[in-house]
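Enquirer: Dropping in model.json, with JSON, C-alpha atoms.
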[["chain", "number", "residue", "atom", "x", "y", "z"],
["U", 29, "MET", "CA", -64.10, 31.87, -287.80],
["U", 30, "GLU", "CA", -66.70, 34.63, -287.82],
["U", 31, "MET", "CA", -69.42, 32.09, -287.14],
["U", 32, "LEU", "CA", -67.41, 30.73, -284.24],
["U", 33, "ALA", "CA", -67.09, 34.21, -282.78],
["U", 34, "SER", "CA", -70.79, 34.91, -283.13],
["U", 35, "LEU", "CA", -71.66, 31.71, -281.34],
["U", 36, "HIS", "CA", -69.49, 32.69, -278.41],
["U", 37, "THR", "CA", -71.22, 36.09, -278.12],
["U", 38, "LEU", "CA", -74.77, 34.82, -277.82],
["U", 39, "PRO", "CA", -76.68, 36.63, -275.03],
["U", 40, "SER", "CA", -77.42, 34.67, -271.91],
["U", 41, "PRO", "CA", -80.88, 33.14, -271.70],
["U", 42, "LEU", "CA", -83.51, 35.07, -269.82],
["U", 43, "PRO", "CA", -83.89, 34.15, -266.20],
["U", 44, "PRO", "CA", -86.87, 31.99, -265.45],
["U", 45, "THR", "CA", -90.03, 33.82, -264.45],
["U", 46, "THR", "CA", -91.15, 33.51, -260.89],
["U", 47, "THR", "CA", -94.85, 33.36, -261.77],
["U", 48, "SER", "CA", -96.60, 31.44, -264.44],
["U", 49, "SER", "CA", -100.16, 30.96, -265.36],
["U", 50, "PRO", "CA", -101.61, 27.48, -265.37],
["U", 51, "SER", "CA", -102.18, 27.80, -269.11],
["U", 52, "GLU", "CA", -98.61, 28.72, -269.73],
["U", 53, "PRO", "CA", -96.17, 25.79, -270.11],
["U", 54, "SER", "CA", -93.32, 25.60, -267.58],
["U", 55, "TYR", "CA", -90.69, 24.03, -269.85],
["U", 56, "LYS", "CA", -89.40, 27.20, -271.51],
["U", 57, "THR", "CA", -86.37, 27.63, -269.33],
["U", 58, "PRO", "CA", -85.15, 24.01, -269.63],
["U", 59, "PHE", "CA", -85.63, 24.21, -273.40],
["U", 60, "ILE", "CA", -83.46, 27.32, -273.65],
["U", 61, "THR", "CA", -80.80, 25.79, -271.42],
["U", 62, "ARG", "CA", -80.75, 22.57, -273.43],
["U", 63, "ARG", "CA", -80.44, 24.53, -276.69],
["U", 64, "ARG", "CA", -77.52, 26.47, -275.29],
["U", 65, "ALA", "CA", -75.86, 23.22, -274.23],
["U", 66, "ILE", "CA", -76.29, 21.79, -277.72],
["U", 67, "ILE", "CA", -74.79, 24.92, -279.28],
["U", 68, "SER", "CA", -71.89, 24.93, -276.80],
["U", 69, "ALA", "CA", -71.13, 21.26, -277.51],
["U", 70, "SER", "CA", -71.18, 21.89, -281.24],
["U", 71, "THR", "CA", -68.92, 24.89, -280.78],
["U", 72, "ALA", "CA", -66.43, 22.86, -278.73],
["U", 73, "ALA", "CA", -66.37, 20.14, -281.37],
["U", 74, "ILE", "CA", -65.74, 22.65, -284.16],
["U", 75, "ALA", "CA", -63.04, 24.34, -282.12],
["U", 76, "SER", "CA", -61.42, 20.99, -281.43],
["U", 77, "LEU", "CA", -61.42, 20.08, -285.12],
["U", 78, "LEU", "CA", -59.99, 23.47, -286.04],
["U", 79, "HIS", "CA", -57.31, 23.04, -283.39],
["U", 80, "ILE", "CA", -56.33, 19.61, -284.68],
["U", 81, "SER", "CA", -56.23, 20.73, -288.31],
["U", 82, "ASN", "CA", -54.17, 23.79, -287.42],
["U", 83, "PRO", "CA", -51.75, 22.72, -284.68],
["U", 84, "ILE", "CA", -49.60, 25.26, -282.92],
["U", 85, "PRO", "CA", -46.35, 25.67, -284.91],
["U", 86, "SER", "CA", -44.23, 25.04, -281.80],
["U", 87, "LEU", "CA", -45.58, 21.47, -281.63],
["U", 88, "TYR", "CA", -44.19, 20.51, -285.05],
["U", 89, "PRO", "CA", -40.60, 19.76, -283.84],
["U", 90, "ALA", "CA", -41.84, 17.56, -280.98],
["U", 91, "ILE", "CA", -44.18, 15.62, -283.27],
["U", 92, "ALA", "CA", -41.48, 15.19, -285.91],
["U", 93, "LEU", "CA", -38.91, 13.97, -283.36],
["U", 94, "GLN", "CA", -41.04, 11.18, -281.92],
["U", 95, "PRO", "CA", -40.34, 8.57, -284.64],
["U", 96, "GLN", "CA", -36.68, 9.55, -284.65],
["U", 97, "GLN", "CA", -36.50, 9.15, -280.85],
["U", 98, "VAL", "CA", -38.07, 5.70, -281.06],
["U", 99, "GLU", "CA", -35.53, 4.72, -283.71],
["U", 100, "LEU", "CA", -32.67, 5.99, -281.53],
["U", 101, "ASP", "CA", -33.95, 4.05, -278.53],
["U", 102, "GLN", "CA", -34.13, 0.87, -280.57],
["U", 103, "GLU", "CA", -30.57, 1.36, -281.86],
["U", 104, "GLU", "CA", -29.28, 1.99, -278.33],
["U", 105, "ASP", "CA", -31.05, -1.09, -277.00],
["U", 106, "ARG", "CA", -29.51, -3.16, -279.77],
["U", 107, "ILE", "CA", -25.98, -2.01, -278.89],
["U", 108, "VAL", "CA", -26.58, -2.58, -275.19],
["U", 109, "ARG", "CA", -27.74, -6.14, -275.85],
["U", 110, "LEU", "CA", -24.78, -6.67, -278.17],
["U", 111, "PHE", "CA", -22.35, -5.71, -275.40],
["U", 112, "GLN", "CA", -24.15, -7.74, -272.74],
["U", 113, "GLU", "CA", -24.10, -10.87, -274.87],
["U", 114, "THR", "CA", -20.48, -10.54, -276.05],
["U", 115, "SER", "CA", -18.54, -9.09, -273.10],
["U", 116, "PRO", "CA", -18.61, -12.34, -271.00],
["U", 117, "SER", "CA", -16.44, -13.88, -273.73],
["U", 118, "VAL", "CA", -13.78, -11.15, -273.49],
["U", 119, "VAL", "CA", -10.92, -11.47, -270.99],
["U", 120, "PHE", "CA", -8.50, -9.10, -269.29],
["U", 121, "ILE", "CA", -4.82, -10.10, -269.42],
["U", 122, "GLU", "CA", -2.09, -8.82, -267.12],
["U", 123, "ASP", "CA", 1.58, -9.37, -267.93],
["U", 124, "LEU", "CA", 3.33, -9.88, -264.58],
["U", 125, "GLU", "CA", 6.91, -10.18, -263.38],
["U", 126, "LEU", "CA", 7.30, -11.91, -260.03],
["U", 127, "ALA", "CA", 9.71, -10.53, -257.46],
["U", 128, "LYS", "CA", 11.25, -13.98, -256.97],
["U", 129, "ILE", "CA", 10.83, -17.47, -258.32],
["U", 130, "PRO", "CA", 8.05, -19.07, -256.24],
["U", 131, "LYS", "CA", 8.72, -22.27, -254.36],
["U", 132, "SER", "CA", 6.74, -25.32, -255.34],
["U", 133, "SER", "CA", 3.33, -25.12, -253.78],
["U", 134, "SER", "CA", 0.43, -27.51, -253.47],
["U", 135, "LYS", "CA", -1.90, -24.58, -254.00],
["U", 136, "GLY", "CA", -1.09, -24.37, -257.69],
["U", 137, "ASP", "CA", 0.32, -21.64, -259.90],
["U", 138, "ARG", "CA", -2.87, -19.59, -260.08],
["U", 139, "ASP", "CA", -2.81, -19.10, -256.27],
["U", 140, "VAL", "CA", 0.89, -18.19, -256.36],
["U", 141, "VAL", "CA", 0.15, -15.47, -258.91],
["U", 142, "ALA", "CA", -2.85, -14.18, -256.97],
["U", 143, "GLU", "CA", -0.97, -14.04, -253.67],
["U", 144, "ASP", "CA", 2.30, -12.52, -254.90],
["U", 145, "GLU", "CA", 1.79, -8.91, -253.80],
["U", 146, "ASP", "CA", 5.21, -7.90, -255.09],
["U", 147, "ALA", "CA", 4.42, -8.94, -258.66],
["U", 148, "LYS", "CA", 4.98, -6.08, -261.07],
["U", 149, "VAL", "CA", 2.39, -5.42, -263.77],
["U", 150, "GLU", "CA", 4.40, -4.80, -266.92],
["U", 151, "GLY", "CA", 1.50, -4.49, -269.30],
["U", 152, "THR", "CA", -2.14, -5.24, -269.89],
["U", 153, "GLY", "CA", -4.10, -6.54, -272.83],
["U", 154, "SER", "CA", -7.26, -8.27, -273.92],
["U", 155, "GLY", "CA", -8.29, -11.58, -275.40],
["U", 156, "PHE", "CA", -11.37, -13.67, -276.02],
["U", 157, "ILE", "CA", -12.54, -17.17, -275.15],
["U", 158, "TRP", "CA", -12.09, -19.43, -278.16],
["U", 159, "ASP", "CA", -13.70, -22.63, -276.91],
["U", 160, "LYS", "CA", -15.20, -24.28, -273.84],
["U", 161, "PHE", "CA", -11.88, -25.97, -273.04],
["U", 162, "GLY", "CA", -10.27, -22.73, -271.84],
["U", 163, "HIS", "CA", -8.31, -21.65, -274.92],
["U", 164, "ILE", "CA", -7.94, -17.89, -275.21],
["U", 165, "VAL", "CA", -6.88, -15.98, -278.33],
["U", 166, "THR", "CA", -4.85, -12.79, -277.99],
["U", 167, "ASN", "CA", -2.00, -10.91, -279.66],
["U", 168, "TYR", "CA", 1.51, -12.27, -279.49],
["U", 169, "HIS", "CA", 2.84, -8.88, -278.42],
["U", 170, "VAL", "CA", 0.59, -9.01, -275.34],
["U", 171, "VAL", "CA", 2.38, -12.13, -274.05],
["U", 172, "ASP", "CA", 5.75, -11.90, -275.79],
["U", 173, "LYS", "CA", 7.66, -11.50, -272.51],
["U", 174, "LEU", "CA", 6.18, -14.71, -271.20],
["U", 175, "ALA", "CA", 6.87, -16.44, -274.51],
["U", 176, "THR", "CA", 10.54, -15.47, -274.43],
["U", 177, "ASP", "CA", 11.08, -15.67, -270.65],
["U", 178, "GLN", "CA", 14.33, -17.27, -269.54],
["U", 179, "SER", "CA", 14.21, -16.23, -265.90],
["U", 180, "GLY", "CA", 11.08, -18.06, -264.76],
["U", 181, "LEU", "CA", 9.67, -14.84, -263.32],
["U", 182, "GLN", "CA", 7.14, -13.98, -266.03],
["U", 183, "ARG", "CA", 3.51, -14.82, -265.49],
["U", 184, "CYS", "CA", 0.24, -14.13, -267.26],
["U", 185, "LYS", "CA", -2.82, -13.39, -265.12],
["U", 186, "VAL", "CA", -6.21, -13.70, -266.81],
["U", 187, "LEU", "CA", -9.47, -12.26, -265.51],
["U", 188, "LEU", "CA", -12.46, -13.92, -267.11],
["U", 189, "ALA", "CA", -16.09, -14.74, -266.41],
["U", 190, "ASP", "CA", -17.97, -18.01, -266.54],
["U", 191, "ALA", "CA", -21.32, -18.53, -268.25],
["U", 192, "SER", "CA", -23.19, -17.31, -265.16],
["U", 193, "GLY", "CA", -21.26, -14.02, -265.14],
["U", 194, "THR", "CA", -19.03, -14.84, -262.14],
["U", 195, "SER", "CA", -15.57, -13.32, -262.54],
["U", 196, "PHE", "CA", -12.43, -15.18, -261.51],
["U", 197, "TYR", "CA", -8.64, -15.08, -262.02],
["U", 198, "GLN", "CA", -6.59, -17.87, -263.56],
["U", 199, "GLU", "CA", -3.02, -18.13, -264.72],
["U", 200, "GLY", "CA", -2.66, -18.32, -268.47],
["U", 201, "LYS", "CA", -0.22, -20.79, -269.99],
["U", 202, "ILE", "CA", 1.04, -20.28, -273.53],
["U", 203, "VAL", "CA", -0.12, -23.03, -275.89],
["U", 204, "GLY", "CA", 1.11, -21.63, -279.20],
["U", 205, "ILE", "CA", 2.43, -18.46, -280.81],
["U", 206, "ASP", "CA", 2.63, -17.01, -284.30],
["U", 207, "PRO", "CA", 4.66, -13.77, -284.29],
["U", 208, "ALA", "CA", 4.24, -13.44, -288.07],
["U", 209, "TYR", "CA", 0.53, -12.75, -287.58],
["U", 210, "ASP", "CA", 0.87, -11.37, -284.04],
["U", 211, "LEU", "CA", -1.31, -14.16, -282.61],
["U", 212, "ALA", "CA", -1.05, -16.31, -279.50],
["U", 213, "VAL", "CA", -3.19, -18.88, -277.74],
["U", 214, "LEU", "CA", -3.33, -19.22, -273.95],
["U", 215, "LYS", "CA", -4.87, -22.00, -271.88],
["U", 216, "VAL", "CA", -6.48, -21.56, -268.46],
["U", 217, "ASP", "CA", -7.70, -24.12, -265.95],
["U", 218, "ILE", "CA", -11.50, -24.20, -266.16],
["U", 219, "GLU", "CA", -12.18, -26.89, -263.58],
["U", 220, "GLY", "CA", -15.45, -25.99, -261.85],
["U", 221, "TYR", "CA", -16.33, -23.33, -264.41],
["U", 222, "GLN", "CA", -18.32, -23.24, -267.63],
["U", 223, "LEU", "CA", -17.13, -20.70, -270.17],
["U", 224, "LYS", "CA", -18.97, -18.87, -272.91],
["U", 225, "PRO", "CA", -16.93, -19.00, -276.15],
["U", 226, "ILE", "CA", -17.21, -16.06, -278.47],
["U", 227, "VAL", "CA", -19.17, -16.40, -281.71],
["U", 228, "VAL", "CA", -16.79, -16.51, -284.68],
["U", 229, "GLY", "CA", -17.84, -14.69, -287.85],
["U", 230, "THR", "CA", -16.14, -14.08, -291.16],
["U", 231, "SER", "CA", -14.14, -11.21, -292.63],
["U", 232, "ARG", "CA", -14.23, -12.06, -296.32],
["U", 233, "ASP", "CA", -17.57, -10.30, -296.93],
["U", 234, "LEU", "CA", -16.83, -7.10, -295.00],
["U", 235, "ARG", "CA", -17.66, -3.78, -296.63],
["U", 236, "VAL", "CA", -16.34, -0.34, -295.95],
["U", 237, "GLY", "CA", -18.92, 1.62, -293.98],
["U", 238, "GLN", "CA", -20.51, -1.20, -292.03],
["U", 239, "SER", "CA", -20.64, -0.91, -288.26],
["U", 240, "CYS", "CA", -18.07, -2.55, -286.03],
["U", 241, "PHE", "CA", -17.44, -2.55, -282.29],
["U", 242, "ALA", "CA", -14.36, -3.11, -280.15],
["U", 243, "ILE", "CA", -14.48, -4.62, -276.66],
["U", 244, "GLY", "CA", -11.39, -4.65, -274.50],
["U", 245, "ASN", "CA", -9.53, -3.12, -271.57],
["U", 246, "PRO", "CA", -7.88, 0.14, -272.71],
["U", 247, "PHE", "CA", -5.46, 1.51, -270.11],
["U", 248, "GLY", "CA", -6.69, -1.17, -267.70],
["U", 249, "TYR", "CA", -10.35, -0.13, -267.79],
["U", 250, "GLU", "CA", -12.16, -3.47, -267.97],
["U", 251, "ASN", "CA", -15.01, -4.22, -270.36],
["U", 252, "THR", "CA", -14.86, -1.06, -272.44],
["U", 253, "LEU", "CA", -16.96, -0.75, -275.59],
["U", 254, "THR", "CA", -16.09, 1.55, -278.48],
["U", 255, "THR", "CA", -18.03, 1.93, -281.71],
["U", 256, "GLY", "CA", -17.17, 2.81, -285.27],
["U", 257, "VAL", "CA", -17.21, 1.60, -288.84],
["U", 258, "VAL", "CA", -14.99, -0.42, -291.12],
["U", 259, "SER", "CA", -12.82, 2.34, -292.59],
["U", 260, "GLY", "CA", -10.75, 0.27, -295.01],
["U", 261, "LEU", "CA", -9.84, -3.24, -296.08],
["U", 262, "GLY", "CA", -6.71, -5.02, -297.27],
["U", 263, "ARG", "CA", -4.27, -2.90, -295.27],
["U", 264, "GLU", "CA", -0.71, -3.88, -294.37],
["U", 265, "ILE", "CA", 0.64, -3.49, -290.85],
["U", 266, "PRO", "CA", 3.97, -4.59, -289.34],
["U", 267, "SER", "CA", 4.16, -7.78, -287.29],
["U", 268, "PRO", "CA", 6.36, -8.29, -284.19],
["U", 269, "ASN", "CA", 8.90, -10.23, -286.26],
["U", 270, "GLY", "CA", 9.20, -7.41, -288.78],
["U", 271, "ARG", "CA", 7.16, -8.93, -291.57],
["U", 272, "ALA", "CA", 4.00, -7.42, -293.00],
["U", 273, "ILE", "CA", 0.55, -8.63, -291.99],
["U", 274, "ARG", "CA", -1.56, -8.33, -295.11],
["U", 275, "GLY", "CA", -5.30, -7.97, -295.33],
["U", 276, "ALA", "CA", -5.75, -6.08, -292.06],
["U", 277, "ILE", "CA", -9.05, -4.35, -291.30],
["U", 278, "GLN", "CA", -8.94, -0.61, -290.73],
["U", 279, "THR", "CA", -11.51, 0.87, -288.35],
["U", 280, "ASP", "CA", -12.21, 4.10, -286.50],
["U", 281, "ALA", "CA", -13.55, 2.25, -283.43],
["U", 282, "ALA", "CA", -11.12, 3.48, -280.77],
["U", 283, "ILE", "CA", -8.27, 1.10, -279.95],
["U", 284, "ASN", "CA", -5.71, 2.06, -277.32],
["U", 285, "ALA", "CA", -3.10, 0.37, -275.14],
["U", 286, "GLY", "CA", -4.85, -2.55, -273.46],
["U", 287, "ASN", "CA", -7.27, -3.18, -276.34],
["U", 288, "SER", "CA", -4.72, -5.39, -278.09],
["U", 289, "GLY", "CA", -5.94, -8.96, -278.47],
["U", 290, "GLY", "CA", -9.57, -8.10, -277.93],
["U", 291, "PRO", "CA", -12.31, -8.79, -280.46],
["U", 292, "SER", "CA", -13.66, -6.53, -283.16],
["U", 293, "ILE", "CA", -17.27, -7.57, -283.72],
["U", 294, "ASP", "CA", -20.01, -6.84, -286.23],
["U", 295, "SER", "CA", -23.63, -5.84, -285.60],
["U", 296, "TYR", "CA", -24.55, -9.47, -284.87],
["U", 297, "GLY", "CA", -21.90, -9.93, -282.19],
["U", 298, "HIS", "CA", -19.71, -12.11, -284.41],
["U", 299, "VAL", "CA", -15.94, -11.64, -284.27],
["U", 300, "ILE", "CA", -14.57, -10.18, -287.49],
["U", 301, "GLY", "CA", -11.04, -9.42, -286.29],
["U", 302, "VAL", "CA", -8.49, -9.22, -283.47],
["U", 303, "ASN", "CA", -7.74, -5.64, -282.46],
["U", 304, "THR", "CA", -4.00, -5.20, -282.86],
["U", 305, "ALA", "CA", -2.59, -1.77, -283.61],
["U", 306, "THR", "CA", -3.28, 1.95, -283.86],
["U", 307, "PHE", "CA", -1.42, 4.89, -285.30],
["U", 308, "THR", "CA", -0.69, 7.48, -282.64],
["U", 309, "ARG", "CA", 0.04, 11.15, -282.98],
["U", 310, "LYS", "CA", 3.78, 11.55, -282.73],
["U", 311, "GLY", "CA", 4.94, 12.41, -279.24],
["U", 312, "THR", "CA", 1.47, 12.20, -277.69],
["U", 313, "GLY", "CA", 0.57, 8.53, -277.49],
["U", 314, "ILE", "CA", -2.97, 9.52, -278.45],
["U", 315, "SER", "CA", -4.80, 7.44, -281.03],
["U", 316, "SER", "CA", -5.30, 9.12, -284.38],
["U", 317, "GLY", "CA", -8.46, 7.13, -285.09],
["U", 318, "VAL", "CA", -6.66, 4.91, -287.60],
["U", 319, "ASN", "CA", -6.86, 1.46, -286.02],
["U", 320, "PHE", "CA", -6.27, -2.06, -287.30],
["U", 321, "ALA", "CA", -7.47, -5.59, -286.64],
["U", 322, "ILE", "CA", -6.23, -8.95, -287.91],
["U", 323, "PRO", "CA", -9.06, -10.45, -289.99],
["U", 324, "ILE", "CA", -10.84, -13.36, -288.35],
["U", 325, "ASP", "CA", -10.43, -15.55, -291.45],
["U", 326, "THR", "CA", -6.67, -15.45, -290.83],
["U", 327, "VAL", "CA", -7.23, -16.27, -287.16],
["U", 328, "VAL", "CA", -9.47, -19.24, -288.01],
["U", 329, "ARG", "CA", -6.76, -20.69, -290.26],
["U", 330, "THR", "CA", -4.00, -20.19, -287.67],
["U", 331, "VAL", "CA", -5.45, -20.93, -284.22],
["U", 332, "PRO", "CA", -6.22, -24.66, -284.67],
["U", 333, "TYR", "CA", -2.55, -25.31, -285.56],
["U", 334, "LEU", "CA", -1.41, -23.30, -282.55],
["U", 335, "ILE", "CA", -3.65, -25.35, -280.26],
["U", 336, "VAL", "CA", -2.56, -28.71, -281.66],
["U", 337, "TYR", "CA", 1.09, -28.12, -282.60],
["U", 338, "GLY", "CA", 2.07, -24.93, -280.76],
["U", 339, "THR", "CA", 3.32, -23.34, -283.98],
["U", 340, "PRO", "CA", 1.67, -22.18, -287.19],
["U", 341, "TYR", "CA", 1.42, -24.55, -290.14],
["U", 342, "SER", "CA", 4.32, -22.85, -291.94],
["U", 343, "ASN", "CA", 6.68, -23.75, -289.05],
["U", 344, "ARG", "CA", 5.66, -27.35, -288.54],
["U", 345, "PHE", "CA", 8.51, -28.87, -290.56],
["U", 346, "GLN", "CA", 11.26, -26.41, -289.65]]
Using the file provided, produce a representation of the structure as structure tokens.
Expert:
Amino acid sequence: MEMLASLHTLPSPLPPTTTSSPSEPSYKTPFITRRRAIISASTAAIASLLHISNPIPSLYPAIALQPQQVELDQEEDRIVRLFQETSPSVVFIEDLELAKIPKSSSKGDRDVVAEDEDAKVEGTGSGFIWDKFGHIVTNYHVVDKLATDQSGLQRCKVLLADASGTSFYQEGKIVGIDPAYDLAVLKVDIEGYQLKPIVVGTSRDLRVGQSCFAIGNPFGYENTLTTGVVSGLGREIPSPNGRAIRGAIQTDAAINAGNSGGPSIDSYGHVIGVNTATFTRKGTGISSGVNFAIPIDTVVRTVPYLIVYGTPYSNRFQ
């Protein structure tokens, strides 16, 4: 550093002389100037090297954060793509009670539901598109009023999107129910539309700690994404008929009223469960962060029987 200081304190070159003899060369001044330029360039290079090898301490945090920031951006992009690819397969379900039994109409039931301004919304839930034929999987408790309706006033209104992303309403008709596993299958008219079925995964290889995501309509807010991890496996939760549902998945991905029936998905966008229940803090209605989903392996075994027979396999001969 002493050498660097001494280079910076070199005296300025002498000014060029105004007179010169013919025998005296006239290149002295350019020579001195060129030498000073060479020294200055060398000095700048040395200073630059010293600056690089000894960066200012305040730059360390910024330099250290750059790889971490890139990693965070990549993780965020992955989750955004996951939601964009999966959300078109998730539906919003409204449980309605009509003010009066509608007269027969050539417009069809879906138009009657859409035009009945006096219809009372008694609850909301979620579901997901099972196949391209318009079958929708949800929880039984989301549509239990329709399943047990004796008055003819109950309706189920489904908001879904086609493969192009266009949203539309249809009336959902119950195809099959399984209260023991809190599952139900609806059917909607898909004439003129092409649906995007959800990608079905597996739950048998799940591990505690792996990421999971819930997509649904909590408190009526459509297309809501929450994130978390698999918190536990093999849990027991009560079913609507009072029996125990065994093998449930526990997660801390937020599930609230309106999430019921929606999918719990893994990092690849594959369904691993049907979001079903949450423990709430007594007297508050606020989720405690202990949430449960019916494992998709159970759903895969049950849904085909509900579509074909309307009841689970165990009830076929009763």
Enquirer: Find the residues around Ile121 of chain U up to 6 Å (all atoms listed in the file counted), leave out those fewer than 2 positions away in its own chain, and share them as a PyMOL selection string.
Expert: chain U and resi 152-154+185-186
Enquirer: What is the distance between atom CA of Asn167 of chain U and atom CA of Ile218 of chain U, in Å to one decimal?
Expert: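 So the answer is 21.2 Å.
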Enquirer: Given 8 Å on each side, where is the centre and what are the edge lengths in Å to one decimal of the axis-aligned box enclosing the listed atoms of segment 174-186 of chain U, as lines of an AutoDock Vina configuration file?
Expert:
center_x = 4.1
center_y = -15.7
center_z = -268.9
size_x = 36.5
size_y = 20.7
size_z = 27.2
Enquirer: One decimal, Å: what's the distance from atom CA of Ala272 of chain U over to atom CA of Ala242 of chain U, could you say?
Expert: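 Taking atom CA of Ala272 of chain U and atom CA of Ala242 of chain U, their separation equals 22.8 Å.
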Enquirer: Record the distance separating atom CA of Ser288 of chain U and atom CA of Asp105 of chain U, expressed in Å with one decimal.
Expert: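 Separating atom CA of Ser288 of chain U from atom CA of Asp105 of chain U is a distance of 26.7 Å.
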Enquirer: Which residues are near Gly260 of chain U? Cut-off 7 Å, all atoms listed in the file, ignore same chain within fewer than 6 positions. Put them as a list of chain:residue names.
Expert: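 The contact residues come out as U:Val236, U:Ile277, U:Gln278, U:Thr279.
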